[in-house]
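With mmCIF, C-alpha atoms inside, this is entry26.cif:
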```cif
data_protein
#
loop_
_atom_site.label_atom_id
_atom_site.label_comp_id
_atom_site.auth_asym_id
_atom_site.auth_seq_id
_atom_site.Cartn_x
_atom_site.Cartn_y
_atom_site.Cartn_z
CA MET A 223 -12.45 -20.81 -5.58
CA SER A 224 -11.30 -17.46 -6.86
CA THR A 225 -8.31 -15.32 -5.92
CA VAL A 226 -7.84 -11.63 -6.64
CA VAL A 227 -4.75 -9.52 -5.93
CA ALA A 228 -5.26 -5.77 -5.41
CA VAL A 229 -2.12 -3.67 -5.89
CA GLY A 230 -1.31 0.00 -6.31
CA ALA A 231 -0.36 1.00 -9.85
CA GLN A 232 1.35 4.27 -8.91
CA TRP A 233 3.37 5.52 -5.90
CA GLY A 234 0.88 4.37 -3.29
CA ASP A 235 -2.10 6.29 -1.88
CA GLU A 236 -4.24 5.13 -4.83
CA GLY A 237 -7.22 4.20 -2.66
CA LYS A 238 -6.49 0.50 -2.27
CA GLY A 239 -8.25 0.37 1.10
CA LYS A 240 -11.53 1.53 -0.39
CA ILE A 241 -11.37 -1.02 -3.21
CA VAL A 242 -10.46 -3.87 -0.85
CA ASP A 243 -13.28 -2.84 1.48
CA TRP A 244 -15.71 -2.77 -1.44
CA LEU A 245 -14.63 -6.22 -2.65
CA GLY A 246 -14.64 -7.55 0.91
CA PRO A 247 -18.15 -9.04 0.94
CA GLN A 248 -17.17 -11.32 -1.94
CA ALA A 249 -14.05 -12.59 -0.16
CA ASP A 250 -13.92 -15.19 2.58
CA LEU A 251 -10.38 -14.15 3.44
CA VAL A 252 -8.48 -10.88 3.02
CA ALA A 253 -4.70 -11.11 3.31
CA ARG A 254 -1.96 -8.49 3.68
CA PHE A 255 1.31 -9.78 2.22
CA GLN A 256 3.91 -6.98 2.59
CA GLY A 257 4.73 -3.64 4.15
CA GLY A 258 3.91 -2.45 7.63
CA ASN A 259 2.32 0.49 9.38
CA ASN A 260 3.88 2.84 6.84
CA ALA A 261 0.70 2.13 4.85
CA GLY A 262 -2.53 3.93 5.67
CA HIS A 263 -5.77 2.67 4.19
CA THR A 264 -8.74 5.02 4.63
CA LEU A 265 -12.26 3.56 4.55
CA VAL A 266 -15.43 5.64 4.57
CA VAL A 267 -18.61 3.70 5.38
CA ASP A 268 -21.92 5.41 6.15
CA GLY A 269 -20.05 8.65 6.70
CA GLU A 270 -17.69 7.15 9.30
CA THR A 271 -13.97 7.11 8.52
CA THR A 272 -11.70 4.24 9.54
CA VAL A 273 -7.94 4.42 8.99
CA LEU A 274 -6.08 1.12 9.11
CA HIS A 275 -2.29 0.70 9.10
CA VAL A 276 -1.74 -3.02 9.73
CA VAL A 277 -5.13 -4.73 9.90
CA PRO A 278 -6.41 -5.73 6.43
CA SER A 279 -9.20 -3.60 5.00
CA GLY A 280 -11.63 -6.52 4.96
CA ILE A 281 -12.13 -6.25 8.72
CA LEU A 282 -15.28 -4.11 8.37
CA HIS A 283 -17.11 -7.09 6.89
CA SER A 284 -18.19 -9.40 9.70
CA ALA A 285 -17.93 -12.62 7.68
CA SER A 286 -14.31 -12.25 6.54
CA VAL A 287 -11.15 -13.63 8.10
CA ASN A 288 -8.21 -11.23 7.82
CA LEU A 289 -4.65 -12.48 7.58
CA ILE A 290 -1.38 -10.65 8.24
CA GLY A 291 1.17 -12.71 6.34
CA PRO A 292 4.85 -13.50 6.93
CA GLY A 293 5.90 -10.82 4.44
CA VAL A 294 4.50 -8.06 6.66
CA VAL A 295 6.56 -6.33 9.36
CA VAL A 296 4.52 -5.78 12.52
CA ASP A 297 4.78 -3.06 15.14
CA PRO A 298 2.99 -4.79 18.05
CA ALA A 299 2.03 -1.52 19.75
CA ILE A 300 0.39 -0.21 16.56
CA LEU A 301 -1.36 -3.49 15.81
CA LEU A 302 -2.68 -3.90 19.36
CA GLY A 303 -3.88 -0.30 19.30
CA GLU A 304 -5.83 -0.92 16.09
CA LEU A 305 -7.31 -4.12 17.49
CA ALA A 306 -8.40 -2.31 20.67
CA LYS A 307 -10.17 0.41 18.66
CA LEU A 308 -11.91 -2.16 16.49
CA GLU A 309 -13.06 -4.00 19.62
CA GLU A 310 -14.35 -0.78 21.18
CA ARG A 311 -16.43 -0.07 18.08
CA GLY A 312 -17.88 -3.58 18.12
CA ILE A 313 -16.25 -4.47 14.79
CA LEU A 314 -13.89 -7.12 16.15
CA LYS A 315 -15.79 -9.46 18.46
CA ASP A 316 -13.89 -12.67 17.73
CA PRO A 317 -10.05 -12.92 17.68
CA SER A 318 -10.32 -15.67 15.05
CA ARG A 319 -11.18 -12.98 12.49
CA ILE A 320 -7.59 -11.67 12.71
CA ARG A 321 -4.74 -14.11 12.15
CA VAL A 322 -1.15 -12.93 12.43
CA SER A 323 1.64 -15.04 10.99
CA GLY A 324 4.14 -16.18 13.58
CA ARG A 325 6.75 -15.73 10.85
CA ALA A 326 6.11 -12.00 10.41
CA HIS A 327 8.99 -9.87 11.66
CA VAL A 328 8.61 -7.48 14.58
CA ILE A 329 9.40 -3.76 14.45
CA LEU A 330 11.28 -2.94 17.64
CA PRO A 331 12.12 0.44 19.25
CA TRP A 332 15.63 0.49 17.80
CA HIS A 333 14.17 0.23 14.31
CA THR A 334 12.10 3.39 14.69
CA ALA A 335 14.95 5.19 16.48
CA LEU A 336 17.43 4.33 13.72
CA ASP A 337 14.94 5.23 10.99
CA ALA A 338 14.50 8.72 12.41
CA ALA A 339 18.20 9.20 13.15
CA ARG A 340 19.35 8.13 9.69
CA GLU A 341 16.82 10.35 7.92
CA SER A 342 17.85 13.31 10.04
CA ALA A 343 21.54 12.70 9.34
CA ALA A 344 20.90 12.44 5.58
CA GLY A 345 19.73 16.06 5.37
CA LYS A 346 18.77 17.01 1.83
CA ALA A 347 19.59 13.47 0.64
CA LYS A 348 16.89 11.89 2.81
CA ILE A 349 14.58 9.34 1.20
CA GLY A 350 11.41 10.65 2.81
CA THR A 351 10.50 7.60 4.88
CA THR A 352 7.56 7.59 7.28
CA GLY A 353 9.95 7.08 10.20
CA ARG A 354 8.05 3.99 11.32
CA GLY A 355 11.09 1.66 11.37
CA ILE A 356 10.00 -0.32 8.32
CA GLY A 357 13.32 -0.21 6.45
CA PRO A 358 15.54 -1.08 9.43
CA CYS A 359 13.24 -4.00 10.28
CA TYR A 360 13.42 -5.42 6.76
CA GLU A 361 17.18 -4.82 6.90
CA ASP A 362 17.43 -7.05 9.96
CA LYS A 363 15.18 -9.64 8.34
CA VAL A 364 17.49 -9.94 5.34
CA ALA A 365 20.56 -9.93 7.59
CA ARG A 366 19.02 -12.86 9.53
CA ARG A 367 19.06 -11.08 12.84
CA GLY A 368 15.37 -10.26 13.16
CA VAL A 369 12.80 -11.09 15.81
CA ARG A 370 9.61 -12.75 14.57
CA VAL A 371 6.14 -12.66 16.08
CA ALA A 372 6.37 -16.27 17.25
CA ASP A 373 9.60 -15.42 19.11
CA LEU A 374 7.62 -13.18 21.47
CA ARG A 375 6.27 -16.36 23.10
CA GLU A 376 9.69 -17.94 23.69
CA ALA A 377 11.19 -16.08 26.65
CA GLU A 378 14.61 -17.76 26.87
CA GLU A 379 15.42 -17.54 23.16
CA LEU A 380 13.93 -14.05 22.93
CA ARG A 381 16.24 -12.77 25.66
CA LYS A 382 19.29 -14.14 23.85
CA LYS A 383 18.22 -12.57 20.56
CA LEU A 384 17.54 -9.16 22.05
CA GLU A 385 20.87 -9.04 23.88
CA SER A 386 22.74 -10.06 20.75
CA ILE A 387 21.02 -7.54 18.49
CA ALA A 388 21.19 -4.73 21.06
CA ALA A 389 24.97 -4.97 21.17
CA GLN A 390 25.08 -3.73 17.57
CA LYS A 391 22.06 -1.43 17.56
CA ASN A 392 23.03 0.56 20.63
CA VAL A 393 26.50 1.17 19.26
CA GLU A 394 25.04 2.74 16.13
CA LEU A 395 22.47 4.74 18.09
CA THR A 396 24.92 6.17 20.61
CA ARG A 397 28.23 6.46 18.77
CA VAL A 398 27.03 7.28 15.26
CA HIS A 399 23.88 9.27 15.92
CA GLY A 400 24.30 10.48 19.49
CA ALA A 401 20.94 9.00 20.46
CA ASP A 402 19.94 7.22 23.65
CA PRO A 403 20.51 3.45 23.85
CA ILE A 404 17.61 1.01 24.10
CA ASP A 405 17.17 -0.56 27.55
CA VAL A 406 17.27 -4.31 26.84
CA ASP A 407 15.68 -5.32 30.16
CA ALA A 408 12.70 -3.03 29.60
CA LEU A 409 12.40 -4.12 25.97
CA PHE A 410 12.45 -7.79 26.97
CA GLU A 411 9.56 -7.28 29.40
CA GLN A 412 7.67 -5.27 26.79
CA CYS A 413 8.13 -8.00 24.18
CA LEU A 414 6.83 -10.66 26.57
CA GLU A 415 3.76 -8.51 27.22
CA TRP A 416 3.22 -8.06 23.48
CA GLY A 417 3.48 -11.83 23.08
CA ARG A 418 0.85 -12.41 25.76
CA GLN A 419 -1.55 -9.91 24.18
CA LEU A 420 -1.01 -11.20 20.64
CA GLU A 421 -1.28 -14.88 21.61
CA PRO A 422 -4.98 -15.20 20.60
CA TYR A 423 -4.15 -13.90 17.11
CA ILE A 424 -0.93 -15.75 16.22
CA ASP A 425 -1.32 -18.54 13.67
CA HIS A 426 0.22 -20.26 10.66
CA THR A 427 -1.46 -18.12 8.03
CA GLY A 428 0.00 -20.07 5.11
CA ARG A 429 -1.83 -23.21 6.23
CA ILE A 430 -5.05 -21.26 6.68
CA LEU A 431 -4.75 -20.04 3.09
CA ASP A 432 -4.03 -23.50 1.75
CA ARG A 433 -6.99 -25.10 3.54
CA SER A 434 -9.28 -22.29 2.44
CA LEU A 435 -8.27 -22.52 -1.21
CA ARG A 436 -8.72 -26.29 -1.17
CA ALA A 437 -12.19 -25.71 0.26
CA GLY A 438 -13.10 -23.40 -2.63
CA LYS A 439 -13.02 -20.13 -0.71
CA ASN A 440 -12.55 -16.70 -2.29
CA VAL A 441 -9.37 -14.88 -1.24
CA LEU A 442 -8.48 -11.23 -1.72
CA PHE A 443 -4.83 -10.21 -1.35
CA GLU A 444 -4.30 -6.61 -0.28
CA GLY A 445 -1.11 -4.81 -1.23
CA ALA A 446 0.36 -1.80 0.52
CA GLN A 447 2.22 1.16 -1.01
CA GLY A 448 2.41 0.99 -4.83
CA THR A 449 4.27 -0.51 -7.77
CA PHE A 450 6.79 2.33 -8.05
CA LEU A 451 7.71 2.10 -4.39
CA ASP A 452 8.74 -1.53 -4.91
CA ILE A 453 12.31 -2.19 -3.75
CA ASP A 454 13.21 -3.81 -7.10
CA HIS A 455 10.85 -2.23 -9.63
CA GLY A 456 10.33 1.25 -8.21
CA THR A 457 12.23 4.53 -8.48
CA TYR A 458 15.13 3.26 -6.37
CA PRO A 459 16.37 4.45 -3.90
CA PHE A 460 13.19 6.49 -3.35
CA VAL A 461 11.22 3.35 -2.56
CA THR A 462 9.98 1.32 0.37
CA SER A 463 11.84 -1.72 1.72
CA SER A 464 9.56 -4.49 0.50
CA ASN A 465 8.25 -5.86 -2.77
CA CYS A 466 4.88 -4.22 -3.48
CA VAL A 467 4.11 -5.87 -6.83
CA ALA A 468 1.70 -8.75 -7.33
CA GLY A 469 4.47 -11.35 -7.43
CA ALA A 470 5.17 -10.64 -3.75
CA VAL A 471 1.87 -12.32 -2.89
CA CYS A 472 3.54 -15.70 -3.21
CA THR A 473 6.45 -15.11 -0.86
CA GLY A 474 4.60 -12.71 1.43
CA SER A 475 1.61 -14.96 2.08
CA GLY A 476 2.79 -18.48 1.33
CA ILE A 477 0.98 -19.58 -1.82
CA GLY A 478 2.22 -20.55 -5.27
CA PRO A 479 1.76 -18.46 -8.43
CA THR A 480 -0.65 -20.97 -9.94
CA LYS A 481 -3.20 -20.01 -7.28
CA ILE A 482 -3.64 -16.42 -8.53
CA ASP A 483 -6.58 -15.78 -10.86
CA ARG A 484 -6.91 -11.99 -11.28
CA VAL A 485 -4.76 -8.96 -10.52
CA ILE A 486 -6.44 -5.58 -10.28
CA GLY A 487 -4.31 -2.47 -10.47
CA ILE A 488 -5.62 0.51 -8.55
CA THR A 489 -4.92 3.97 -9.92
CA LYS A 490 -6.20 7.45 -9.33
CA ALA A 491 -7.62 9.37 -12.27
CA TYR A 492 -4.54 11.55 -11.79
CA THR A 493 -1.19 10.88 -10.08
CA THR A 494 0.15 11.60 -6.59
CA ARG A 495 3.32 10.93 -4.69
CA VAL A 496 4.45 11.43 -1.07
CA GLY A 497 8.09 12.00 -0.24
CA SER A 498 11.13 12.48 -2.42
CA GLY A 499 11.93 11.02 -5.82
CA PRO A 500 11.18 11.62 -9.51
CA PHE A 501 7.65 12.52 -10.60
CA PRO A 502 7.53 13.38 -14.34
CA THR A 503 3.94 14.68 -14.40
CA GLU A 504 4.11 16.66 -11.15
CA LEU A 505 2.30 20.00 -11.22
CA THR A 506 3.75 22.68 -8.98
CA ASP A 507 1.32 25.35 -10.18
CA GLU A 508 -2.28 26.28 -9.36
CA THR A 509 -3.58 23.17 -11.14
CA GLY A 510 -1.54 20.93 -8.85
CA GLU A 511 -2.84 22.81 -5.82
CA GLN A 512 -6.39 22.49 -7.13
CA LEU A 513 -5.98 18.71 -7.38
CA ARG A 514 -4.52 18.57 -3.86
CA LYS A 515 -7.34 20.56 -2.30
CA ALA A 516 -10.16 18.89 -4.22
CA GLY A 517 -8.77 15.43 -3.58
CA ALA A 518 -7.79 16.07 0.07
CA GLU A 519 -4.35 14.80 -0.83
CA PHE A 520 -2.67 14.40 2.52
CA GLY A 521 -1.06 11.16 3.70
CA ALA A 522 -3.22 8.91 5.90
CA THR A 523 -0.14 7.81 7.86
CA THR A 524 1.93 10.99 8.07
CA GLY A 525 -0.45 13.80 7.12
CA ARG A 526 2.14 15.07 4.65
CA PRO A 527 0.75 16.92 1.60
CA ARG A 528 0.96 14.76 -1.50
CA ARG A 529 2.59 15.95 -4.68
CA CYS A 530 0.00 15.99 -7.48
CA GLY A 531 0.06 15.74 -11.27
CA TRP A 532 -1.77 14.51 -14.34
CA LEU A 533 -2.24 10.81 -14.99
CA ASP A 534 0.95 9.17 -16.21
CA GLY A 535 0.19 6.60 -18.91
CA VAL A 536 3.85 5.52 -19.13
CA LEU A 537 3.82 4.70 -15.43
CA LEU A 538 0.53 2.85 -15.78
CA ARG A 539 1.72 0.70 -18.69
CA GLU A 540 4.80 -0.31 -16.70
CA ALA A 541 2.57 -1.28 -13.77
CA VAL A 542 0.49 -3.47 -16.09
CA THR A 543 3.64 -5.26 -17.24
CA VAL A 544 5.33 -5.70 -13.86
CA ASN A 545 2.19 -6.91 -12.07
CA GLY A 546 0.51 -8.78 -14.90
CA LEU A 547 -2.59 -6.67 -14.32
CA THR A 548 -5.82 -8.05 -15.69
CA ASP A 549 -8.09 -5.16 -14.67
CA LEU A 550 -8.05 -1.56 -13.44
CA ALA A 551 -9.86 0.23 -10.66
CA ILE A 552 -9.90 3.98 -11.35
CA ASN A 553 -10.39 6.09 -8.24
CA LYS A 554 -11.26 9.76 -7.70
CA LEU A 555 -12.87 10.44 -11.06
CA ASP A 556 -15.07 12.94 -9.21
CA ILE A 557 -12.05 15.13 -8.44
CA LEU A 558 -11.60 15.94 -12.15
CA SER A 559 -15.10 17.41 -12.50
CA GLY A 560 -14.80 21.10 -13.26
CA PHE A 561 -11.56 21.05 -15.24
CA ASP A 562 -11.92 22.63 -18.69
CA GLU A 563 -9.28 20.31 -20.06
CA ILE A 564 -7.45 17.30 -18.75
CA LYS A 565 -4.00 16.16 -19.75
CA ILE A 566 -2.71 12.63 -19.83
CA CYS A 567 0.94 11.67 -20.31
CA THR A 568 1.42 9.21 -23.18
CA ALA A 569 5.22 9.25 -23.50
CA TYR A 570 8.41 10.81 -22.10
CA ASP A 571 10.96 13.06 -23.72
CA ILE A 572 14.36 12.09 -22.31
CA ASP A 573 17.25 14.09 -23.71
CA GLY A 574 15.33 14.76 -26.91
CA LYS A 575 14.31 11.14 -27.47
CA ILE A 576 10.65 10.12 -27.20
CA THR A 577 9.96 6.88 -25.39
CA GLU A 578 6.81 5.11 -24.24
CA ASP A 579 8.76 2.95 -21.80
CA PHE A 580 9.45 3.81 -18.18
CA PRO A 581 13.20 4.43 -17.78
CA MET A 582 15.44 1.97 -15.98
CA THR A 583 17.61 4.43 -14.06
CA LEU A 584 16.81 7.14 -11.55
CA ALA A 585 18.80 9.71 -13.52
CA GLU A 586 16.70 9.10 -16.64
CA ALA A 587 13.46 9.24 -14.66
CA GLU A 588 14.50 12.59 -13.19
CA ARG A 589 15.24 13.97 -16.68
CA ALA A 590 12.00 12.65 -18.18
CA ARG A 591 9.62 15.31 -19.47
CA PRO A 592 6.00 14.30 -20.07
CA VAL A 593 4.54 14.27 -23.56
CA TYR A 594 0.91 15.22 -23.02
CA GLU A 595 -2.30 14.53 -24.85
CA THR A 596 -5.02 17.05 -24.01
CA MET A 597 -8.62 15.96 -23.65
CA PRO A 598 -11.73 18.06 -23.00
CA GLY A 599 -12.87 18.06 -19.39
CA TRP A 600 -16.36 17.95 -17.94
CA SER A 601 -18.28 20.20 -15.61
CA GLU A 602 -20.92 17.72 -14.45
CA ASP A 603 -20.74 16.28 -10.93
CA VAL A 604 -20.28 12.51 -11.24
CA ARG A 605 -20.91 11.72 -7.57
CA GLY A 606 -24.07 9.73 -7.18
CA LEU A 607 -23.74 7.98 -10.53
CA THR A 608 -24.36 4.24 -10.46
CA SER A 609 -23.47 3.18 -14.01
CA ILE A 610 -20.77 4.00 -16.52
CA ASP A 611 -23.57 4.78 -18.99
CA GLN A 612 -24.52 7.77 -16.82
CA PHE A 613 -21.10 9.43 -17.14
CA PRO A 614 -20.75 12.63 -19.16
CA ASP A 615 -19.43 11.88 -22.65
CA ASN A 616 -16.05 13.47 -21.96
CA ALA A 617 -15.61 11.55 -18.72
CA ARG A 618 -16.44 8.30 -20.48
CA ARG A 619 -13.94 9.12 -23.26
CA TYR A 620 -11.29 9.80 -20.62
CA ILE A 621 -11.90 6.39 -19.04
CA GLU A 622 -11.71 4.73 -22.46
CA ARG A 623 -8.41 6.50 -23.17
CA ILE A 624 -6.96 5.19 -19.91
CA GLU A 625 -8.05 1.67 -20.84
CA ALA A 626 -6.46 2.05 -24.29
CA LEU A 627 -3.16 3.24 -22.87
CA ALA A 628 -3.09 0.44 -20.28
CA GLU A 629 -4.42 -2.14 -22.76
CA ILE A 630 -6.64 -3.65 -20.08
CA PRO A 631 -10.23 -2.86 -19.07
CA ALA A 632 -11.52 -0.98 -16.06
CA ALA A 633 -13.46 -3.22 -13.70
CA LEU A 634 -14.30 -0.64 -11.03
CA LEU A 635 -14.82 3.12 -11.08
CA SER A 636 -14.89 5.32 -7.98
CA VAL A 637 -16.83 8.59 -7.89
CA GLY A 638 -16.42 9.43 -4.21
CA PRO A 639 -14.80 8.26 -0.96
CA GLY A 640 -17.81 6.30 0.31
CA ARG A 641 -18.13 2.54 -0.10
CA GLU A 642 -21.38 3.02 -2.03
CA GLU A 643 -19.73 5.45 -4.46
CA THR A 644 -18.23 2.62 -6.46
CA ILE A 645 -19.39 1.50 -9.89
CA ILE A 646 -18.84 -2.05 -11.08
CA VAL A 647 -18.08 -2.53 -14.77
CA ARG A 648 -16.75 -6.10 -14.68
CA GLU A 649 -17.04 -8.82 -12.03
CA LEU A 650 -13.73 -9.82 -10.46
CA PHE A 651 -14.67 -12.86 -8.39
CA GLY A 652 -16.26 -15.89 -9.99
#
```
So, in terms of structure tokens, how does the structure I just supplied come out?
Amino acid sequence: MSTVVAVGAQWGDEGKGKIVDWLGPQADLVARFQGGNNAGHTLVVDGETTVLHVVPSGILHSASVNLIGPGVVVDPAILLGELAKLEERGILKDPSRIRVSGRAHVILPWHTALDAARESAAGKAKIGTTGRGIGPCYEDKVARRGVRVADLREAEELRKKLESIAAQKNVELTRVHGADPIDVDALFEQCLEWGRQLEPYIDHTGRILDRSLRAGKNVLFEGAQGTFLDIDHGTYPFVTSSNCVAGAVCTGSGIGPTKIDRVIGITKAYTTRVGSGPFPTELTDETGEQLRKAGAEFGATTGRPRRCGWLDGVLLREAVTVNGLTDLAINKLDILSGFDEIKICTAYDIDGKITEDFPMTLAEAERARPVYETMPGWSEDVRGLTSIDQFPDNARRYIERIEALAEIPAALLSVGPGREETIIVRELFG
């Protein structure tokens, strides 16, 4: 038995989907433990692109079972749409390969309506959410007024819940935001239909995990978003509504901390961020635009252009600490080919004081100015390389500097978007 947790070490969009897909053949189970369809994981296999928002990235491997845990919030329409596309392509032939926790909470139409209305009303103070209803759904979960996947099969209780919740939601929609109310009768019928369609997939995923671990199976836990979008450890309030760090595996999937063996932190060779919030190494000049164009830095979920900057070593060290990272996966090294010099942030200057620690408050993070170390770049194209020994000297030195700053080794290196463009340095399973 071996368990590996894959989490984002930045602000999301680090390429977690590719890494999970690459590790997939070694895992008997792949489990999502938090977030919802605000995550977009892009997989490129044999030139064909697959974008997943709810289904775990292990689905492209026919032998794996993919779990959507109780910590995930599920939009049934989005999930069913993904499942239909996977069935059409012949990838999903057996419903038993997708198991959805009956304890996962359901994103309902009033969640998406309120998400959009609140962001619009906030004006310049908006957080920059994806508008997918994730936050309002988690809000109802914590307030103990949510609807869970298993509830979709219980008509009488479901009706009572919807009527009770609608009394509050429709008041906010109509009186506060001037939006249309949600028709409870239509929503009830829609929920029953979702329950009927999801019936073959609903299961107790925690028990599946327990039995599998007892049987010596390999399990890969797939995180969504990134460390600094974590509701507790991120750049609050410019964060998502769930815990994205490795510790969330336990509550979001239903296993204890003693079951986790390795935690791999996924980072780009530079840094990106979507939406509002502090970004100390952001480049708003031609270099930032060069990174955006070369890296095709546009959100897989929203299509929004990502903000780009040099690698932030302070951010990375904090991710190592918060997640207990044991290894790194460094993505998009190929994008840096052609830069005469490459900068890497090793510390922050905050009000004239140099610190190597990520600040605790938003105000400090916004005032942080990067202290850069400049390294020589490389002109050679690294795509097609199959070993770290084949890297140009300057590229290899850059990788070594990242490892030194993080104080953990790199296990995987990515030199292109394709599954095969991944170089293994250290084994993770076993």
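Nearest to Pro527 of chain A of all the residues A:Leu513, A:Val364, A:Ala335, A:Leu301 is A:Leu513, based on all atoms listed in the file.
Distances here use only C-alpha atoms; by that measure, the residue among A:Glu444, A:Asp235, A:Glu378, A:Asp571 closest to Phe410 of chain A is A:Glu378.
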- Please write as a count of residues only the full residue list that the PyMOL selection byres ((chain A and resi 283-287) around 12) yields on this file. 47
Using only C-alpha atoms, which residues of segment 380-453 of chain A come within 10 Å of segment 536-556 of chain A, and what is the closest atom pair for each, with the distance in Å to one decimal? Give it as CSV, sorted by chain and residue number.
```
residue,atom,partner,partner_atom,distance
A:Gly448,CA,A:Ala541,CA,9.2
A:Thr449,CA,A:Ala541,CA,6.3
A:Phe450,CA,A:Ala541,CA,8.0
```
So that I can see what lies close to Ile387 of chain A, please list as a PDB file with C-alpha atoms, keeping the file's coordinate frame the residues with an atom at most 10 Å from it, counting only C-alpha atoms and leaving out residues fewer than 6 positions away in the same chain.
```pdb
ATOM      1  CA  TRP A 332      15.630   0.490  17.800  1.00  0.00           C
ATOM      2  CA  ASP A 362      17.430  -7.050   9.960  1.00  0.00           C
ATOM      3  CA  ARG A 367      19.060 -11.080  12.840  1.00  0.00           C
ATOM      4  CA  GLY A 368      15.370 -10.260  13.160  1.00  0.00           C
ATOM      5  CA  VAL A 369      12.800 -11.090  15.810  1.00  0.00           C
ATOM      6  CA  VAL A 406      17.270  -4.310  26.840  1.00  0.00           C
TER       7      VAL A 406
END
```
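Using the PyMOL selection byres ((chain A and resi 337) around 8) on the file at hand returns these residues: His333, Thr334, Ala335, Leu336, Ala338, Ala339, Arg340, Glu341, Thr351, Gly353, Arg354, Gly355, Ile356, Gly357 and Pro358 of chain A.
Atom pair atom CA of Lys565 of chain A / atom CA of Asp454 of chain A has a distance of 29.2 Å (rounded to one decimal).
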- Message: Would you compute the distance between atom CA of Thr524 of chain A and atom CA of Trp233 of chain A? Give it in Å to one decimal.
- Response: 15.1 Å
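Residue nearest His263 of chain A within the list A:Val371, A:Ala446, A:Ile645, A:Ile621: A:Ala446 [criterion: smallest interatomic distance, all atoms listed in the file].
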For the structure provided, state which residues fall under the PyMOL selection byres ((chain A and resi 614) around 8), and present them as an mmCIF file with C-alpha atoms, in the frame of the given file.
```
data_model
loop_
_atom_site.group_PDB
_atom_site.id
_atom_site.type_symbol
_atom_site.label_atom_id
_atom_site.label_comp_id
_atom_site.auth_asym_id
_atom_site.auth_seq_id
_atom_site.Cartn_x
_atom_site.Cartn_y
_atom_site.Cartn_z
ATOM 1 C CA TRP A 600 -16.360 17.950 -17.940
ATOM 2 C CA GLU A 602 -20.920 17.720 -14.450
ATOM 3 C CA VAL A 604 -20.280 12.510 -11.240
ATOM 4 C CA GLN A 612 -24.520 7.770 -16.820
ATOM 5 C CA PHE A 613 -21.100 9.430 -17.140
ATOM 6 C CA ASP A 615 -19.430 11.880 -22.650
ATOM 7 C CA ASN A 616 -16.050 13.470 -21.960
ATOM 8 C CA ALA A 617 -15.610 11.550 -18.720
ATOM 9 C CA ARG A 618 -16.440 8.300 -20.480
#
```
List the neighbours of Glu504 of chain A out to 12 Å using all atoms listed in the file; skip same-chain residues closer than 6 positions along the sequence, and give me the result as an mmCIF file with C-alpha atoms, keeping the file's coordinate frame.
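Written out: part.cif:
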```cif
data_model
loop_
_atom_site.group_PDB
_atom_site.id
_atom_site.type_symbol
_atom_site.label_atom_id
_atom_site.label_comp_id
_atom_site.auth_asym_id
_atom_site.auth_seq_id
_atom_site.Cartn_x
_atom_site.Cartn_y
_atom_site.Cartn_z
ATOM 1 C CA TYR A 492 -4.540 11.550 -11.790
ATOM 2 C CA THR A 493 -1.190 10.880 -10.080
ATOM 3 C CA THR A 494 0.150 11.600 -6.590
ATOM 4 C CA ARG A 495 3.320 10.930 -4.690
ATOM 5 C CA VAL A 496 4.450 11.430 -1.070
ATOM 6 C CA SER A 498 11.130 12.480 -2.420
ATOM 7 C CA GLY A 510 -1.540 20.930 -8.850
ATOM 8 C CA GLU A 511 -2.840 22.810 -5.820
ATOM 9 C CA LEU A 513 -5.980 18.710 -7.380
ATOM 10 C CA ARG A 514 -4.520 18.570 -3.860
ATOM 11 C CA ARG A 528 0.960 14.760 -1.500
ATOM 12 C CA ARG A 529 2.590 15.950 -4.680
ATOM 13 C CA CYS A 530 0.000 15.990 -7.480
ATOM 14 C CA GLY A 531 0.060 15.740 -11.270
ATOM 15 C CA TRP A 532 -1.770 14.510 -14.340
ATOM 16 C CA LEU A 533 -2.240 10.810 -14.990
ATOM 17 C CA ASP A 534 0.950 9.170 -16.210
ATOM 18 C CA LYS A 565 -4.000 16.160 -19.750
ATOM 19 C CA ILE A 566 -2.710 12.630 -19.830
ATOM 20 C CA CYS A 567 0.940 11.670 -20.310
ATOM 21 C CA GLU A 588 14.500 12.590 -13.190
ATOM 22 C CA ALA A 590 12.000 12.650 -18.180
ATOM 23 C CA ARG A 591 9.620 15.310 -19.470
ATOM 24 C CA PRO A 592 6.000 14.300 -20.070
#
```
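Using all atoms listed in the file, the shortest contact distance between Gly499 of chain A and any of A:Arg623, A:Lys348, A:Arg375, A:Arg418 is found at A:Lys348.
Distances here use only C-alpha atoms; by that measure, the residue among A:Gly230, A:Arg397, A:Ala491, A:Ser224 closest to Asn465 of chain A is A:Gly230.
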Polymer residues at most 10 Å from Pro298 of chain A, all atoms listed in the file, same-chain spacing of 5 or more positions, as a JSON list (two decimals) with C-alpha atoms, keeping the file's coordinate frame:
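Here's the written file result_2.json:
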```json
[["chain", "number", "residue", "atom", "x", "y", "z"],
["A", 276, "VAL", "CA", -1.74, -3.02, 9.73],
["A", 303, "GLY", "CA", -3.88, -0.30, 19.30],
["A", 304, "GLU", "CA", -5.83, -0.92, 16.09],
["A", 328, "VAL", "CA", 8.61, -7.48, 14.58],
["A", 329, "ILE", "CA", 9.40, -3.76, 14.45],
["A", 330, "LEU", "CA", 11.28, -2.94, 17.64],
["A", 371, "VAL", "CA", 6.14, -12.66, 16.08],
["A", 412, "GLN", "CA", 7.67, -5.27, 26.79],
["A", 413, "CYS", "CA", 8.13, -8.00, 24.18],
["A", 415, "GLU", "CA", 3.76, -8.51, 27.22],
["A", 416, "TRP", "CA", 3.22, -8.06, 23.48],
["A", 417, "GLY", "CA", 3.48, -11.83, 23.08],
["A", 419, "GLN", "CA", -1.55, -9.91, 24.18],
["A", 420, "LEU", "CA", -1.01, -11.20, 20.64]]
```
